[in-house]
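input.cif, holding mmCIF, C-alpha atoms and all ligand atoms:
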```
data_run
loop_
_atom_site.group_PDB
_atom_site.id
_atom_site.type_symbol
_atom_site.label_atom_id
_atom_site.label_comp_id
_atom_site.auth_asym_id
_atom_site.auth_seq_id
_atom_site.Cartn_x
_atom_site.Cartn_y
_atom_site.Cartn_z
ATOM 1 C CA MET W 1181 50.682 -11.963 15.409
ATOM 2 C CA ASP W 1182 49.644 -10.130 12.222
ATOM 3 C CA GLU W 1183 49.604 -6.368 12.906
ATOM 4 C CA ARG W 1184 45.957 -6.108 11.866
ATOM 5 C CA GLU W 1185 45.017 -8.520 14.644
ATOM 6 C CA GLU W 1186 46.527 -6.230 17.234
ATOM 7 C CA TYR W 1187 43.860 -3.568 16.830
ATOM 8 C CA CYS W 1188 40.189 -3.982 17.594
ATOM 9 C CA THR W 1189 36.956 -2.284 16.644
ATOM 10 C CA VAL W 1190 34.870 -1.272 19.638
ATOM 11 C CA VAL W 1191 31.122 -1.702 19.193
ATOM 12 C CA THR W 1192 28.823 -0.455 21.945
ATOM 13 C CA GLY W 1193 25.219 -1.585 22.164
ATOM 14 C CA ALA W 1194 26.482 -4.842 20.669
ATOM 15 C CA ALA W 1195 23.666 -6.897 22.181
ATOM 16 C CA GLY W 1196 21.114 -4.635 20.483
ATOM 17 C CA GLY W 1197 19.783 -4.646 16.946
ATOM 18 C CA ILE W 1198 22.164 -2.317 15.108
ATOM 19 C CA GLY W 1199 25.244 -2.903 17.273
ATOM 20 C CA PHE W 1200 24.952 -6.667 16.836
ATOM 21 C CA ALA W 1201 24.503 -6.338 13.064
ATOM 22 C CA VAL W 1202 27.668 -4.193 12.893
ATOM 23 C CA ALA W 1203 29.674 -6.547 15.139
ATOM 24 C CA SER W 1204 28.558 -9.590 13.117
ATOM 25 C CA ARG W 1205 29.731 -8.020 9.850
ATOM 26 C CA LEU W 1206 33.096 -7.105 11.350
ATOM 27 C CA LEU W 1207 33.641 -10.593 12.785
ATOM 28 C CA ALA W 1208 32.668 -12.179 9.467
ATOM 29 C CA ALA W 1209 35.351 -10.003 7.824
ATOM 30 C CA GLY W 1210 37.941 -11.306 10.308
ATOM 31 C CA GLU W 1211 38.146 -8.153 12.442
ATOM 32 C CA ARG W 1212 38.760 -8.268 16.182
ATOM 33 C CA VAL W 1213 35.793 -6.798 18.069
ATOM 34 C CA VAL W 1214 35.289 -5.523 21.609
ATOM 35 C CA ALA W 1215 31.531 -5.776 22.115
ATOM 36 C CA ALA W 1216 30.060 -3.770 25.012
ATOM 37 C CA ASP W 1217 26.512 -3.651 26.333
ATOM 38 C CA LEU W 1218 24.540 -3.127 29.523
ATOM 39 C CA ASP W 1219 22.566 -6.337 28.991
ATOM 40 C CA ALA W 1220 25.020 -9.004 30.194
ATOM 41 C CA ASP W 1221 22.767 -11.997 29.429
ATOM 42 C CA ARG W 1222 21.923 -10.962 25.891
ATOM 43 C CA LEU W 1223 25.549 -10.047 25.194
ATOM 44 C CA ALA W 1224 26.719 -13.501 26.320
ATOM 45 C CA GLU W 1225 23.965 -15.205 24.320
ATOM 46 C CA ARG W 1226 24.617 -13.201 21.131
ATOM 47 C CA PHE W 1227 28.370 -13.897 21.065
ATOM 48 C CA ALA W 1228 28.518 -17.397 22.572
ATOM 49 C CA GLY W 1229 31.062 -19.488 20.668
ATOM 50 C CA ARG W 1230 32.105 -16.597 18.374
ATOM 51 C CA GLU W 1231 35.824 -16.186 17.785
ATOM 52 C CA GLY W 1232 37.579 -12.826 17.660
ATOM 53 C CA VAL W 1233 35.323 -11.066 20.130
ATOM 54 C CA VAL W 1234 35.847 -9.833 23.694
ATOM 55 C CA THR W 1235 32.590 -8.978 25.478
ATOM 56 C CA VAL W 1236 32.308 -6.311 28.163
ATOM 57 C CA ALA W 1237 29.054 -6.116 30.132
ATOM 58 C CA CYS W 1238 28.853 -2.647 31.660
ATOM 59 C CA ASP W 1239 26.907 0.580 31.989
ATOM 60 C CA LEU W 1240 28.726 2.953 29.659
ATOM 61 C CA ALA W 1241 26.999 5.953 31.205
ATOM 62 C CA ALA W 1242 28.922 5.296 34.437
ATOM 63 C CA ASP W 1243 32.611 5.923 35.177
ATOM 64 C CA ALA W 1244 33.090 2.244 36.022
ATOM 65 C CA GLY W 1245 31.683 1.232 32.627
ATOM 66 C CA LEU W 1246 34.116 3.428 30.712
ATOM 67 C CA GLN W 1247 36.933 2.041 32.857
ATOM 68 C CA ALA W 1248 35.874 -1.574 32.230
ATOM 69 C CA LEU W 1249 35.805 -0.944 28.493
ATOM 70 C CA THR W 1250 39.181 0.800 28.284
ATOM 71 C CA ASP W 1251 40.743 -1.874 30.540
ATOM 72 C CA ALA W 1252 39.444 -4.606 28.228
ATOM 73 C CA ILE W 1253 40.945 -2.865 25.181
ATOM 74 C CA ALA W 1254 44.269 -2.066 26.830
ATOM 75 C CA GLY W 1255 44.543 -5.611 28.206
ATOM 76 C CA ARG W 1256 44.112 -7.369 24.868
ATOM 77 C CA PHE W 1257 44.901 -5.015 22.020
ATOM 78 C CA VAL W 1258 47.314 -2.297 20.957
ATOM 79 C CA GLY W 1259 44.324 0.015 20.649
ATOM 80 C CA ALA W 1260 41.253 0.700 18.563
ATOM 81 C CA ARG W 1261 41.040 0.615 14.774
ATOM 82 C CA GLY W 1262 37.393 1.600 14.904
ATOM 83 C CA PHE W 1263 34.673 2.760 17.272
ATOM 84 C CA VAL W 1264 30.933 2.427 16.702
ATOM 85 C CA HIS W 1265 28.633 3.873 19.320
ATOM 86 C CA ALA W 1266 25.313 2.053 19.022
ATOM 87 C CA ALA W 1267 24.433 1.874 22.738
ATOM 88 C CA GLY W 1268 21.479 3.942 23.782
ATOM 89 C CA PHE W 1269 17.786 4.133 24.444
ATOM 90 C CA ASP W 1270 14.920 6.421 23.570
ATOM 91 C CA MET W 1271 12.197 7.907 25.684
ATOM 92 C CA MET W 1272 8.822 9.390 24.900
ATOM 93 C CA ALA W 1273 7.267 11.968 27.179
ATOM 94 C CA PRO W 1274 5.439 15.239 26.647
ATOM 95 C CA LEU W 1275 7.294 18.462 27.511
ATOM 96 C CA GLY W 1276 5.617 18.820 30.891
ATOM 97 C CA MET W 1277 6.670 15.330 31.951
ATOM 98 C CA THR W 1278 10.274 15.503 30.719
ATOM 99 C CA THR W 1279 12.493 15.655 33.790
ATOM 100 C CA PRO W 1280 16.083 16.876 34.231
ATOM 101 C CA ASP W 1281 16.929 13.297 35.204
ATOM 102 C CA ASP W 1282 15.597 11.980 31.867
ATOM 103 C CA MET W 1283 17.650 14.589 30.023
ATOM 104 C CA GLN W 1284 20.732 13.687 32.034
ATOM 105 C CA ARG W 1285 20.383 9.933 31.399
ATOM 106 C CA LEU W 1286 19.887 10.412 27.650
ATOM 107 C CA PHE W 1287 22.759 12.871 27.281
ATOM 108 C CA SER W 1288 25.052 10.628 29.352
ATOM 109 C CA ILE W 1289 24.801 7.664 27.036
ATOM 110 C CA HIS W 1290 24.296 9.328 23.646
ATOM 111 C CA ALA W 1291 26.676 12.319 23.869
ATOM 112 C CA VAL W 1292 28.827 12.286 27.015
ATOM 113 C CA PHE W 1293 30.100 8.711 26.719
ATOM 114 C CA PRO W 1294 31.390 9.027 23.106
ATOM 115 C CA VAL W 1295 33.183 12.291 23.967
ATOM 116 C CA ARG W 1296 34.870 10.575 26.907
ATOM 117 C CA PHE W 1297 35.748 7.450 24.938
ATOM 118 C CA MET W 1298 37.171 9.329 21.944
ATOM 119 C CA GLY W 1299 39.003 11.571 24.401
ATOM 120 C CA TRP W 1300 40.593 8.459 25.876
ATOM 121 C CA MET W 1301 41.602 7.277 22.399
ATOM 122 C CA ALA W 1302 43.136 10.662 21.601
ATOM 123 C CA LYS W 1303 44.942 10.933 24.931
ATOM 124 C CA MET W 1304 46.339 7.403 24.855
ATOM 125 C CA ARG W 1305 47.415 7.796 21.208
ATOM 126 C CA ASN W 1306 46.932 4.033 20.968
ATOM 127 C CA HIS W 1307 44.555 3.991 18.002
ATOM 128 C CA ALA W 1308 45.422 2.705 14.540
ATOM 129 C CA PRO W 1309 46.807 5.403 12.231
ATOM 130 C CA ASP W 1310 43.738 5.106 9.981
ATOM 131 C CA ALA W 1311 41.123 4.637 12.707
ATOM 132 C CA SER W 1312 37.480 5.540 12.100
ATOM 133 C CA CYS W 1313 34.696 6.393 14.554
ATOM 134 C CA VAL W 1314 30.979 6.284 13.783
ATOM 135 C CA LEU W 1315 28.212 7.749 15.931
ATOM 136 C CA ILE W 1316 24.487 7.203 15.430
ATOM 137 C CA SER W 1317 21.993 10.036 15.315
ATOM 138 C CA SER W 1318 18.310 10.034 14.538
ATOM 139 C CA LEU W 1319 15.811 11.843 12.335
ATOM 140 C CA SER W 1320 14.188 12.730 15.662
ATOM 141 C CA ALA W 1321 16.748 15.545 15.922
ATOM 142 C CA HIS W 1322 15.439 16.946 12.615
ATOM 143 C CA GLU W 1323 11.689 16.412 12.782
ATOM 144 C CA GLY W 1324 8.992 17.715 15.063
ATOM 145 C CA ALA W 1325 7.907 14.400 16.538
ATOM 146 C CA LYS W 1326 5.865 15.116 19.648
ATOM 147 C CA GLY W 1327 7.126 13.478 22.829
ATOM 148 C CA HIS W 1328 10.714 13.281 21.615
ATOM 149 C CA VAL W 1329 12.163 16.434 23.177
ATOM 150 C CA ALA W 1330 14.737 14.764 25.444
ATOM 151 C CA TYR W 1331 15.833 12.084 22.940
ATOM 152 C CA ALA W 1332 15.979 14.586 20.053
ATOM 153 C CA ALA W 1333 18.041 16.983 22.190
ATOM 154 C CA ALA W 1334 20.534 14.226 23.013
ATOM 155 C CA LYS W 1335 20.842 13.277 19.322
ATOM 156 C CA GLY W 1336 21.183 16.972 18.448
ATOM 157 C CA ALA W 1337 24.119 17.050 20.861
ATOM 158 C CA VAL W 1338 25.673 14.114 18.995
ATOM 159 C CA GLU W 1339 25.473 16.034 15.711
ATOM 160 C CA GLY W 1340 26.735 19.198 17.402
ATOM 161 C CA LEU W 1341 29.865 17.567 18.775
ATOM 162 C CA LEU W 1342 30.620 15.859 15.459
ATOM 163 C CA LYS W 1343 32.527 18.582 13.613
ATOM 164 C CA PRO W 1344 34.675 19.967 16.444
ATOM 165 C CA ALA W 1345 35.594 16.443 17.551
ATOM 166 C CA ALA W 1346 36.328 15.435 13.925
ATOM 167 C CA ALA W 1347 38.542 18.516 13.539
ATOM 168 C CA GLU W 1348 40.655 17.425 16.521
ATOM 169 C CA LEU W 1349 40.751 13.753 15.573
ATOM 170 C CA VAL W 1350 41.714 14.343 11.946
ATOM 171 C CA GLU W 1351 45.026 15.777 13.172
ATOM 172 C CA ARG W 1352 45.761 12.270 14.435
ATOM 173 C CA GLY W 1353 44.558 10.589 11.247
ATOM 174 C CA VAL W 1354 41.306 9.468 12.887
ATOM 175 C CA ARG W 1355 38.018 10.010 11.035
ATOM 176 C CA LEU W 1356 34.672 10.648 12.722
ATOM 177 C CA ASN W 1357 31.281 10.534 11.009
ATOM 178 C CA ALA W 1358 27.681 9.866 11.961
ATOM 179 C CA VAL W 1359 24.734 8.098 10.409
ATOM 180 C CA VAL W 1360 21.341 9.731 10.880
ATOM 181 C CA LEU W 1361 18.737 7.000 10.907
ATOM 182 C CA GLY W 1362 15.035 6.923 10.212
ATOM 183 C CA VAL W 1363 12.958 4.143 11.761
ATOM 184 C CA VAL W 1364 14.878 0.860 11.883
ATOM 185 C CA GLU W 1365 13.071 -2.241 13.158
ATOM 186 C CA THR W 1366 14.932 -3.210 16.330
ATOM 187 C CA GLY W 1367 14.025 -3.780 19.971
ATOM 188 C CA MET W 1368 14.122 -0.022 20.533
ATOM 189 C CA SER W 1369 11.605 0.896 17.839
ATOM 190 C CA ARG W 1370 9.427 -2.170 18.360
ATOM 191 C CA ARG W 1371 8.691 -0.995 21.900
ATOM 192 C CA TRP W 1372 6.695 1.963 20.549
ATOM 193 C CA MET W 1373 5.645 0.538 17.165
ATOM 194 C CA ASP W 1374 3.890 -2.376 18.860
ATOM 195 C CA MET W 1375 1.643 0.158 20.599
ATOM 196 C CA LEU W 1376 0.500 1.819 17.357
ATOM 197 C CA LEU W 1377 -3.020 1.304 16.081
ATOM 198 C CA PRO W 1378 -3.032 -0.490 12.666
ATOM 199 C CA ALA W 1379 -3.971 2.712 10.800
ATOM 200 C CA ARG W 1380 -1.112 4.658 12.402
ATOM 201 C CA ARG W 1381 1.321 1.832 11.623
ATOM 202 C CA GLU W 1382 0.246 1.873 7.956
ATOM 203 C CA GLU W 1383 0.707 5.634 7.867
ATOM 204 C CA LEU W 1384 4.230 5.219 9.288
ATOM 205 C CA GLU W 1385 5.119 2.615 6.666
ATOM 206 C CA ARG W 1386 3.714 4.797 3.845
ATOM 207 C CA GLY W 1387 6.201 7.465 4.958
ATOM 208 C CA TYR W 1388 9.084 5.149 4.053
ATOM 209 C CA PRO W 1389 9.130 4.606 0.251
ATOM 210 C CA LEU W 1390 11.918 2.012 0.592
ATOM 211 C CA GLY W 1391 10.269 0.399 3.614
ATOM 212 C CA LEU W 1392 11.212 0.626 7.270
ATOM 213 C CA GLY W 1393 14.902 0.015 7.896
ATOM 214 C CA ARG W 1394 16.415 -3.276 8.975
ATOM 215 C CA ALA W 1395 19.364 -3.456 11.367
ATOM 216 C CA GLY W 1396 21.477 -4.671 8.442
ATOM 217 C CA ASP W 1397 20.674 -1.526 6.424
ATOM 218 C CA ALA W 1398 22.046 0.648 9.218
ATOM 219 C CA ALA W 1399 25.030 -1.674 9.698
ATOM 220 C CA GLU W 1400 26.007 -1.464 6.005
ATOM 221 C CA ALA W 1401 26.161 2.343 6.215
ATOM 222 C CA VAL W 1402 28.164 2.165 9.466
ATOM 223 C CA CYS W 1403 30.599 -0.383 8.004
ATOM 224 C CA PHE W 1404 31.132 1.824 4.932
ATOM 225 C CA LEU W 1405 32.098 4.736 7.202
ATOM 226 C CA LEU W 1406 34.402 2.455 9.193
ATOM 227 C CA SER W 1407 36.118 1.097 6.105
ATOM 228 C CA PRO W 1408 38.935 2.481 3.944
ATOM 229 C CA ALA W 1409 36.309 2.963 1.195
ATOM 230 C CA SER W 1410 35.351 6.177 3.042
ATOM 231 C CA ARG W 1411 38.952 7.252 3.697
ATOM 232 C CA TRP W 1412 38.319 10.785 2.334
ATOM 233 C CA ILE W 1413 35.193 11.447 4.424
ATOM 234 C CA THR W 1414 35.211 12.930 7.913
ATOM 235 C CA GLY W 1415 33.013 15.188 10.029
ATOM 236 C CA GLN W 1416 29.928 14.291 7.962
ATOM 237 C CA THR W 1417 26.448 12.942 8.587
ATOM 238 C CA LEU W 1418 24.990 10.300 6.290
ATOM 239 C CA VAL W 1419 21.191 10.223 6.310
ATOM 240 C CA CYS W 1420 19.799 6.688 5.934
ATOM 241 C CA ASP W 1421 16.022 6.811 6.007
ATOM 242 C CA GLY W 1422 14.543 4.779 3.170
ATOM 243 C CA GLY W 1423 13.562 7.976 1.357
ATOM 244 C CA HIS W 1424 11.477 9.254 4.276
ATOM 245 C CA SER W 1425 12.832 12.812 4.160
ATOM 246 C CA LEU W 1426 12.053 13.121 0.443
HETATM 247 N N1 LIG V 1501 15.944 1.703 15.877
HETATM 248 C C1 LIG V 1501 15.702 2.913 15.375
HETATM 249 O O1 LIG V 1501 14.645 3.162 14.781
HETATM 250 C C2 LIG V 1501 16.725 4.000 15.513
HETATM 251 C C3 LIG V 1501 16.524 5.178 14.792
HETATM 252 C C4 LIG V 1501 17.449 6.208 14.904
HETATM 253 C C5 LIG V 1501 18.569 6.046 15.710
HETATM 254 N N2 LIG V 1501 18.722 4.883 16.407
HETATM 255 C C6 LIG V 1501 19.903 4.775 17.267
HETATM 256 O O2 LIG V 1501 20.629 3.626 16.924
HETATM 257 C C7 LIG V 1501 21.382 3.177 18.078
HETATM 258 C C8 LIG V 1501 21.153 1.676 18.248
HETATM 259 O O3 LIG V 1501 19.779 1.452 18.539
HETATM 260 P P1 LIG V 1501 19.028 0.063 18.250
HETATM 261 O O4 LIG V 1501 17.892 0.379 17.401
HETATM 262 O O5 LIG V 1501 19.994 -0.986 17.851
HETATM 263 O O6 LIG V 1501 18.455 -0.216 19.723
HETATM 264 P P2 LIG V 1501 18.518 -1.526 20.646
HETATM 265 O O7 LIG V 1501 17.638 -1.220 21.800
HETATM 266 O O8 LIG V 1501 18.267 -2.752 19.850
HETATM 267 O O9 LIG V 1501 20.048 -1.545 21.121
HETATM 268 C C9 LIG V 1501 20.575 -0.603 22.003
HETATM 269 C C10 LIG V 1501 21.515 -1.325 22.948
HETATM 270 O O10 LIG V 1501 22.144 -0.354 23.797
HETATM 271 C C11 LIG V 1501 22.305 -0.939 25.080
HETATM 272 N N3 LIG V 1501 22.453 0.106 26.084
HETATM 273 C C12 LIG V 1501 21.525 1.032 26.455
HETATM 274 N N4 LIG V 1501 22.004 1.812 27.438
HETATM 275 C C13 LIG V 1501 23.291 1.384 27.676
HETATM 276 C C14 LIG V 1501 24.306 1.778 28.592
HETATM 277 N N5 LIG V 1501 24.098 2.775 29.468
HETATM 278 N N6 LIG V 1501 25.478 1.115 28.562
HETATM 279 C C15 LIG V 1501 25.692 0.091 27.695
HETATM 280 N N7 LIG V 1501 24.754 -0.321 26.813
HETATM 281 C C16 LIG V 1501 23.569 0.306 26.804
HETATM 282 C C17 LIG V 1501 21.030 -1.754 25.269
HETATM 283 O O11 LIG V 1501 21.197 -2.771 26.262
HETATM 284 C C18 LIG V 1501 20.804 -2.322 23.875
HETATM 285 O O12 LIG V 1501 21.357 -3.619 23.721
HETATM 286 C C19 LIG V 1501 20.911 4.053 19.251
HETATM 287 O O13 LIG V 1501 21.801 5.132 19.419
HETATM 288 C C20 LIG V 1501 19.585 4.612 18.734
HETATM 289 O O14 LIG V 1501 19.248 5.829 19.364
HETATM 290 C C21 LIG V 1501 17.843 3.854 16.325
#
```
Take the structure from the file and write it as structure tokens.
Amino acid sequence: MDEREEYCTVVTGAAGGIGFAVASRLLAAGERVVAADLDADRLAERFAGREGVVTVACDLAADAGLQALTDAIAGRFVGARGFVHAAGFDMMAPLGMTTPDDMQRLFSIHAVFPVRFMGWMAKMRNHAPDASCVLISSLSAHEGAKGHVAYAAAKGAVEGLLKPAAAELVERGVRLNAVVLGVVETGMSRRWMDMLLPARREELERGYPLGLGRAGDAAEAVCFLLSPASRWITGQTLVCDGGHSL
């Protein structure tokens, strides 16, 4: 077997909008992909008949989910060449209705899981020598959007862990970066955008000079950070927001 085929790129949230767009690009480029998601039916449907992919249906916020994922990698591949963490969910609630349980659930998937998974990679020392990890943050962690306290805090944690984790990983030749996304049209954003009144929706769109993002726009930025084209970049955040923050 060609050495390149012995490593895989792990994509979480692979049944979702951005994760699937990333996984599709990697498969089209001939990469091996381990695609993980909570939604077993959609995962199976998305990757039916696709070659080069191993699917893992699991809850990555739970110990058993992490175990299922690492077992799938260890059983089929030498280790990971790349890791993209696109699994997650958002939640809107005013301060007074934001519960410790909500905070816990959001932190578990957005910040705790990637620390545990990258910790596994580092401990096992089974990653490719030029491996690259990409996390996904949100403009929510930078803007004062009402109702986003818990989600923004979890994404703030992602950006907070980025540099210390990158500093450890770089000693092993592994890079770690994050993309910070504005609104991208996926299942996650459609859930709240579909509830907007037409005037509010127009206002939202006016705030994005290059238009609202598509899953492919986010995937292109992620794939750049995964690829050797970004070999001299680590510990950084790349803001992709269609000009919104201008
Ligand atoms: N869509 C946006 O506007 C936007 C903006 C900024 C950041 N993001 C971030 O981008 C990432 C991808 O989001 P998306 O827009 O593709 O959303 P999406 O809802 O289309 O996909 C998310 C996927 O994660 C999976 N998932 C959720 N919890 C999980 C768990 N515990 N274990 C395993 N899988 C789980 C879901 O089943 C889903 O398939 C998320 O981290 C999100 O916070 C999205």
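Using only C-alpha atoms, the smallest distance between any of W:Arg1261, W:Arg1381, W:Met1283, W:Ala1209 and Ala1308 in chain W comes from W:Arg1261.
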Please, what is the axis-aligned box for every listed atom of ligand LIG 1501 (chain V) with 6 Å on each side, as centre and edge lengths in Å to one decimal, as JSON?
```
{"center_x": 20.2, "center_y": 1.3, "center_z": 22.1, "size_x": 23.0, "size_y": 21.8, "size_z": 26.7}
```
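Closest approach to Met1298 in chain W among W:Ala1379, W:Leu1349, W:Val1329, W:Ala1216 is made by W:Leu1349 (distances from all atoms listed in the file).
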**Asked** Residues at most 10 Å from Trp1372 in chain W, counting all atoms listed in the file, excluding those fewer than 3 positions away in the same chain, as a list in words?
**Response** Asp1270, Met1271, Met1272, Gly1367, Met1368, Ser1369, Met1375 and Leu1376 of chain W
Let me see if you get this right: every residue at most 6 Å from ligand LIG 1501 (chain V), counting all atoms listed in the file, written as a count of residues only.
30
